[in-house]
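Colleague: Can you read through this structure? Questions will come right after.
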Amino acid sequence: PAVEYGLDAPFTIEYHDSVGSTNDRARDLASEGAADVAVLADEQTGGRGRLEREWSAPSGGVWVSVVSRPAIAPARAPLYTLAASVAITQAAREAGVDARIKWPNDVVVPIDGTDYRKLAGILTEMEGETGRVEWLTVGIGVNANIDADALPETATSIRAESGDVDRRVFVQRLLEGFDRYRSDLDSVVPAWREHALTLGQRVRIDRPAGDLVGEAIDVTDSGALVVETDDGRETVSAGDCEHLRPV
Ligand code: BT5
């Protein structure tokens, strides 16, 4: 059952000790007409990543999904993912973690040139008719106060990097940051560039249309990645990116 979380956040918070997926709960609330609600859980038993991948979400993490009803074209929805990545990165850096953004939907801690561990992931889902977003849920998963050995091998946590955080303070910073960028979408890409690990990197991108290798040189004003390949410039949208890895 949901209880009050007692946070002074820019959203109504619905808190669960345990839930299947906060994104599923947010989707139900959104289809009932909710807006500016954040569904927060200590643990998820059926956490989801992109493309039907599993997301492990044991107790101690920050698992939260925010419902928005923005008057934007669907093409700009990826900016909500970028906005979340910037807000996560800023909150994690305040907690002493060397967090950087890996396009399109990860926050990672770099190890060396091409190696990193994943601290957080974002899953943005939306509903709407052509040309119009009806609602959008941004699911944010941050490995906060979790032992690294309770997570996939490629993951890290705030606990492992710099010690436990006060999750209430962390969630408050995170949601305030997300709300600020969400309300000023033109500020998202400049802030994203400041924290991006992917920029200037040589990357390999798996797409349904085939792999692409080149240097990531920028993101567009709708959040797509611009890659300089041997055959010229290509723009890749998050929806077309199955996997990106530095090479
Ligand atoms: C993501 O997917 O990174 C999006 C994750 C979104 C999770 C949030 S939690 C709140 C809300 N409710 C949900 O049910 N979901 C959202 P993707 O880029 O597809 O990455 C998934 C991959 O990351 C998996 O295949 C694993 O390799 C790895 N992974 C799984 N759990 C992880 C974790 N806790 N930390 C780091 N990596 C993880």
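Letters for chains follow the order of the structure tokens (A, B, ...), residue numbers begin at 1 for each chain, and ligand numbers begin at 1 in the order shown.
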Please give me, as a PyMOL selection string, the residues lying within 8 Å of ligand 1 when counting only C-alpha atoms and all ligand atoms.
Modeller: chain A and resi 20-24+40+44+46-58+62-65+105-106+117-123+138-143+151-152+154-157+243
Colleague: Select from region 14-239 of chain A everything DSSP, run on the backbone, classes as helix (DSSP H, G or I), then give the selection as an NGL selection string.
Modeller: :A and (22-31 or 50-52 or 74-76 or 78-94 or 148-150 or 158-162 or 167-182 or 185-195 or 238-239)
Colleague: Store the residues picked out above, limited to C-alpha atoms, as a PDB file, in the first residue's frame.
Modeller:
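This went into part.pdb:
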```
ATOM      1  CA  THR A  22       7.063   1.781 -10.523  1.00  0.00           C
ATOM      2  CA  ASN A  23       6.683   2.419 -14.275  1.00  0.00           C
ATOM      3  CA  ASP A  24       3.667   0.099 -14.408  1.00  0.00           C
ATOM      4  CA  ARG A  25       2.071   1.805 -11.421  1.00  0.00           C
ATOM      5  CA  ALA A  26       2.828   5.216 -12.973  1.00  0.00           C
ATOM      6  CA  ARG A  27       1.271   4.090 -16.253  1.00  0.00           C
ATOM      7  CA  ASP A  28      -1.942   3.122 -14.431  1.00  0.00           C
ATOM      8  CA  LEU A  29      -2.059   6.479 -12.664  1.00  0.00           C
ATOM      9  CA  ALA A  30      -1.343   8.317 -15.932  1.00  0.00           C
ATOM     10  CA  SER A  31      -4.139   6.547 -17.763  1.00  0.00           C
ATOM     11  CA  ARG A  50      14.576  -0.921 -22.225  1.00  0.00           C
ATOM     12  CA  LEU A  51      13.677  -3.508 -24.880  1.00  0.00           C
ATOM     13  CA  GLU A  52      12.193  -5.988 -22.366  1.00  0.00           C
ATOM     14  CA  PRO A  74       6.614  13.157 -29.288  1.00  0.00           C
ATOM     15  CA  ALA A  75       9.921  13.876 -31.067  1.00  0.00           C
ATOM     16  CA  ARG A  76      11.022  15.943 -28.069  1.00  0.00           C
ATOM     17  CA  PRO A  78      13.857  12.001 -25.453  1.00  0.00           C
ATOM     18  CA  LEU A  79      14.751  15.340 -23.851  1.00  0.00           C
ATOM     19  CA  TYR A  80      12.916  14.067 -20.767  1.00  0.00           C
ATOM     20  CA  THR A  81      15.333  11.137 -20.612  1.00  0.00           C
ATOM     21  CA  LEU A  82      18.284  13.496 -20.972  1.00  0.00           C
ATOM     22  CA  ALA A  83      16.783  15.792 -18.306  1.00  0.00           C
ATOM     23  CA  ALA A  84      16.588  12.849 -15.917  1.00  0.00           C
ATOM     24  CA  SER A  85      20.181  11.833 -16.693  1.00  0.00           C
ATOM     25  CA  VAL A  86      21.418  15.327 -15.861  1.00  0.00           C
ATOM     26  CA  ALA A  87      19.396  15.451 -12.623  1.00  0.00           C
ATOM     27  CA  ILE A  88      20.691  12.013 -11.542  1.00  0.00           C
ATOM     28  CA  THR A  89      24.273  12.977 -12.366  1.00  0.00           C
ATOM     29  CA  GLN A  90      24.096  16.220 -10.420  1.00  0.00           C
ATOM     30  CA  ALA A  91      22.548  14.511  -7.377  1.00  0.00           C
ATOM     31  CA  ALA A  92      25.131  11.698  -7.524  1.00  0.00           C
ATOM     32  CA  ARG A  93      28.030  14.143  -7.871  1.00  0.00           C
ATOM     33  CA  GLU A  94      26.738  16.005  -4.802  1.00  0.00           C
ATOM     34  CA  ALA A 148      27.703  -4.056  -5.335  1.00  0.00           C
ATOM     35  CA  ASP A 149      27.489  -7.853  -5.056  1.00  0.00           C
ATOM     36  CA  ALA A 150      23.679  -7.636  -4.983  1.00  0.00           C
ATOM     37  CA  ILE A 158      26.493   5.029  -4.438  1.00  0.00           C
ATOM     38  CA  ARG A 159      27.304   2.823  -1.428  1.00  0.00           C
ATOM     39  CA  ALA A 160      30.192   1.183  -3.298  1.00  0.00           C
ATOM     40  CA  GLU A 161      31.538   4.479  -4.640  1.00  0.00           C
ATOM     41  CA  SER A 162      31.257   6.861  -1.720  1.00  0.00           C
ATOM     42  CA  ARG A 167      17.622   8.731   0.315  1.00  0.00           C
ATOM     43  CA  ARG A 168      15.072  11.406   1.194  1.00  0.00           C
ATOM     44  CA  VAL A 169      17.599  14.149   0.514  1.00  0.00           C
ATOM     45  CA  PHE A 170      18.787  12.390  -2.637  1.00  0.00           C
ATOM     46  CA  VAL A 171      15.257  11.915  -3.999  1.00  0.00           C
ATOM     47  CA  GLN A 172      14.392  15.515  -3.232  1.00  0.00           C
ATOM     48  CA  ARG A 173      17.460  16.831  -5.123  1.00  0.00           C
ATOM     49  CA  LEU A 174      16.791  14.428  -7.970  1.00  0.00           C
ATOM     50  CA  LEU A 175      13.142  15.412  -8.379  1.00  0.00           C
ATOM     51  CA  GLU A 176      13.841  19.126  -8.004  1.00  0.00           C
ATOM     52  CA  GLY A 177      16.524  18.912 -10.670  1.00  0.00           C
ATOM     53  CA  PHE A 178      14.323  16.888 -12.993  1.00  0.00           C
ATOM     54  CA  ASP A 179      11.442  19.335 -12.531  1.00  0.00           C
ATOM     55  CA  ARG A 180      13.707  22.308 -13.291  1.00  0.00           C
ATOM     56  CA  TYR A 181      14.989  20.814 -16.568  1.00  0.00           C
ATOM     57  CA  ARG A 182      11.557  19.542 -17.520  1.00  0.00           C
ATOM     58  CA  LEU A 185      13.688  21.986 -22.079  1.00  0.00           C
ATOM     59  CA  ASP A 186      16.062  24.350 -23.907  1.00  0.00           C
ATOM     60  CA  SER A 187      18.434  24.133 -20.933  1.00  0.00           C
ATOM     61  CA  VAL A 188      18.679  20.336 -21.098  1.00  0.00           C
ATOM     62  CA  VAL A 189      21.156  19.808 -23.938  1.00  0.00           C
ATOM     63  CA  PRO A 190      23.703  22.406 -22.715  1.00  0.00           C
ATOM     64  CA  ALA A 191      23.631  20.827 -19.219  1.00  0.00           C
ATOM     65  CA  TRP A 192      23.828  17.357 -20.748  1.00  0.00           C
ATOM     66  CA  ARG A 193      26.976  18.289 -22.713  1.00  0.00           C
ATOM     67  CA  GLU A 194      28.714  19.326 -19.480  1.00  0.00           C
ATOM     68  CA  HIS A 195      28.318  15.882 -17.933  1.00  0.00           C
ATOM     69  CA  ALA A 238      17.460   6.729 -28.719  1.00  0.00           C
ATOM     70  CA  GLY A 239      14.670   4.525 -30.058  1.00  0.00           C
TER      71      GLY A 239
END
```
Colleague: Among region 56-148 of chain A, which ones does DSSP assign to strand (DSSP E or B) (computed from the backbone)? Answer as a PyMOL selection string.
Modeller: chain A and resi 62-68+100-102+106-112+115-127+135-142
Colleague: Those same residues - N, CA and C atoms - I'd like them written as a compact mmCIF listing (two decimals), in the first residue's frame.
Modeller:
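Heads up, here's the output in selection13.txt:
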```txt
# COMPACT_ATOMS: atom_id res chain seq x y z
N VAL A 62 16.96 3.71 -5.29
CA VAL A 62 15.99 4.77 -5.56
C VAL A 62 15.31 4.38 -6.87
N TRP A 63 14.09 3.90 -6.76
CA TRP A 63 13.31 3.44 -7.92
C TRP A 63 12.10 4.34 -7.99
N VAL A 64 12.06 5.20 -8.99
CA VAL A 64 11.01 6.22 -9.02
C VAL A 64 10.56 6.48 -10.45
N SER A 65 9.26 6.67 -10.63
CA SER A 65 8.71 6.98 -11.96
C SER A 65 7.84 8.22 -11.85
N VAL A 66 8.11 9.18 -12.73
CA VAL A 66 7.41 10.46 -12.68
C VAL A 66 6.46 10.58 -13.86
N VAL A 67 5.23 10.95 -13.58
CA VAL A 67 4.22 11.15 -14.64
C VAL A 67 4.15 12.63 -15.00
N SER A 68 4.28 12.93 -16.29
CA SER A 68 4.12 14.30 -16.79
C SER A 68 3.10 14.30 -17.91
N ARG A 100 28.92 10.21 -14.68
CA ARG A 100 28.91 10.82 -16.01
C ARG A 100 27.77 10.18 -16.81
N ILE A 101 27.32 10.90 -17.84
CA ILE A 101 26.18 10.41 -18.62
C ILE A 101 26.64 9.65 -19.85
N LYS A 102 26.09 8.46 -20.00
CA LYS A 102 26.34 7.67 -21.20
C LYS A 102 25.05 7.68 -22.01
N ASP A 106 21.86 6.10 -19.64
CA ASP A 106 22.61 5.57 -18.49
C ASP A 106 23.39 6.67 -17.78
N VAL A 107 23.57 6.46 -16.48
CA VAL A 107 24.55 7.24 -15.73
C VAL A 107 25.58 6.23 -15.23
N VAL A 108 26.84 6.51 -15.50
CA VAL A 108 27.90 5.55 -15.22
C VAL A 108 29.04 6.20 -14.45
N VAL A 109 29.89 5.34 -13.88
CA VAL A 109 31.12 5.80 -13.26
C VAL A 109 32.26 5.26 -14.12
N PRO A 110 33.03 6.16 -14.74
CA PRO A 110 34.11 5.71 -15.63
C PRO A 110 35.21 4.99 -14.85
N ILE A 111 35.82 3.97 -15.47
CA ILE A 111 36.96 3.28 -14.87
C ILE A 111 38.22 3.69 -15.62
N ASP A 112 38.22 3.50 -16.93
CA ASP A 112 39.30 4.05 -17.77
C ASP A 112 38.71 4.30 -19.15
N ASP A 115 35.99 1.77 -20.34
CA ASP A 115 35.34 0.93 -19.33
C ASP A 115 34.59 1.79 -18.31
N TYR A 116 33.50 1.24 -17.80
CA TYR A 116 32.68 2.01 -16.85
C TYR A 116 31.79 1.04 -16.11
N ARG A 117 31.21 1.51 -15.00
CA ARG A 117 30.18 0.72 -14.32
C ARG A 117 28.90 1.53 -14.28
N LYS A 118 27.78 0.82 -14.38
CA LYS A 118 26.49 1.52 -14.49
C LYS A 118 25.91 1.80 -13.10
N LEU A 119 25.63 3.07 -12.85
CA LEU A 119 25.07 3.51 -11.57
C LEU A 119 23.55 3.66 -11.65
N ALA A 120 23.07 4.06 -12.82
CA ALA A 120 21.64 4.36 -12.94
C ALA A 120 21.18 4.17 -14.37
N GLY A 121 19.88 3.92 -14.52
CA GLY A 121 19.28 3.80 -15.85
C GLY A 121 17.93 4.50 -15.87
N ILE A 122 17.50 4.85 -17.07
CA ILE A 122 16.24 5.59 -17.24
C ILE A 122 15.39 4.88 -18.29
N LEU A 123 14.12 4.76 -18.01
CA LEU A 123 13.17 4.16 -18.95
C LEU A 123 12.00 5.11 -19.14
N THR A 124 11.95 5.75 -20.32
CA THR A 124 10.88 6.71 -20.61
C THR A 124 9.84 6.04 -21.50
N GLU A 125 8.59 6.10 -21.08
CA GLU A 125 7.50 5.52 -21.86
C GLU A 125 6.42 6.58 -22.04
N MET A 126 5.74 6.53 -23.19
CA MET A 126 4.70 7.55 -23.40
C MET A 126 3.50 7.01 -24.15
N GLU A 127 2.45 7.81 -24.08
CA GLU A 127 1.19 7.48 -24.75
C GLU A 127 0.74 8.74 -25.45
N TRP A 135 0.59 11.50 -22.16
CA TRP A 135 1.34 11.45 -20.91
C TRP A 135 2.66 10.76 -21.15
N LEU A 136 3.55 10.97 -20.20
CA LEU A 136 4.90 10.45 -20.35
C LEU A 136 5.36 10.04 -18.95
N THR A 137 5.91 8.83 -18.83
CA THR A 137 6.46 8.44 -17.53
C THR A 137 7.96 8.25 -17.68
N VAL A 138 8.69 8.90 -16.80
CA VAL A 138 10.13 8.76 -16.79
C VAL A 138 10.50 7.92 -15.58
N GLY A 139 10.98 6.70 -15.83
CA GLY A 139 11.37 5.79 -14.76
C GLY A 139 12.86 5.93 -14.51
N ILE A 140 13.19 6.19 -13.27
CA ILE A 140 14.59 6.44 -12.89
C ILE A 140 15.00 5.38 -11.87
N GLY A 141 16.08 4.66 -12.16
CA GLY A 141 16.59 3.68 -11.22
C GLY A 141 18.01 4.04 -10.84
N VAL A 142 18.25 4.32 -9.57
CA VAL A 142 19.60 4.65 -9.10
C VAL A 142 20.00 3.64 -8.03
```
Colleague: Which of these, A:Gly96, A:Pro246, A:Gly200, A:Gly61, has the shortest distance to Ser18 (chain A) once you count only C-alpha atoms?
Modeller: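 Closest to Ser18 (chain A) of all the choices is A:Gly61.
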Colleague: Quick one: of A:Ile13, A:Ala196, A:Ala35, A:Val247, who's nearest to Glu215 (chain A), counting only C-alpha atoms?
Modeller: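 That would be A:Val247, the residue with the smallest distance to Glu215 (chain A).
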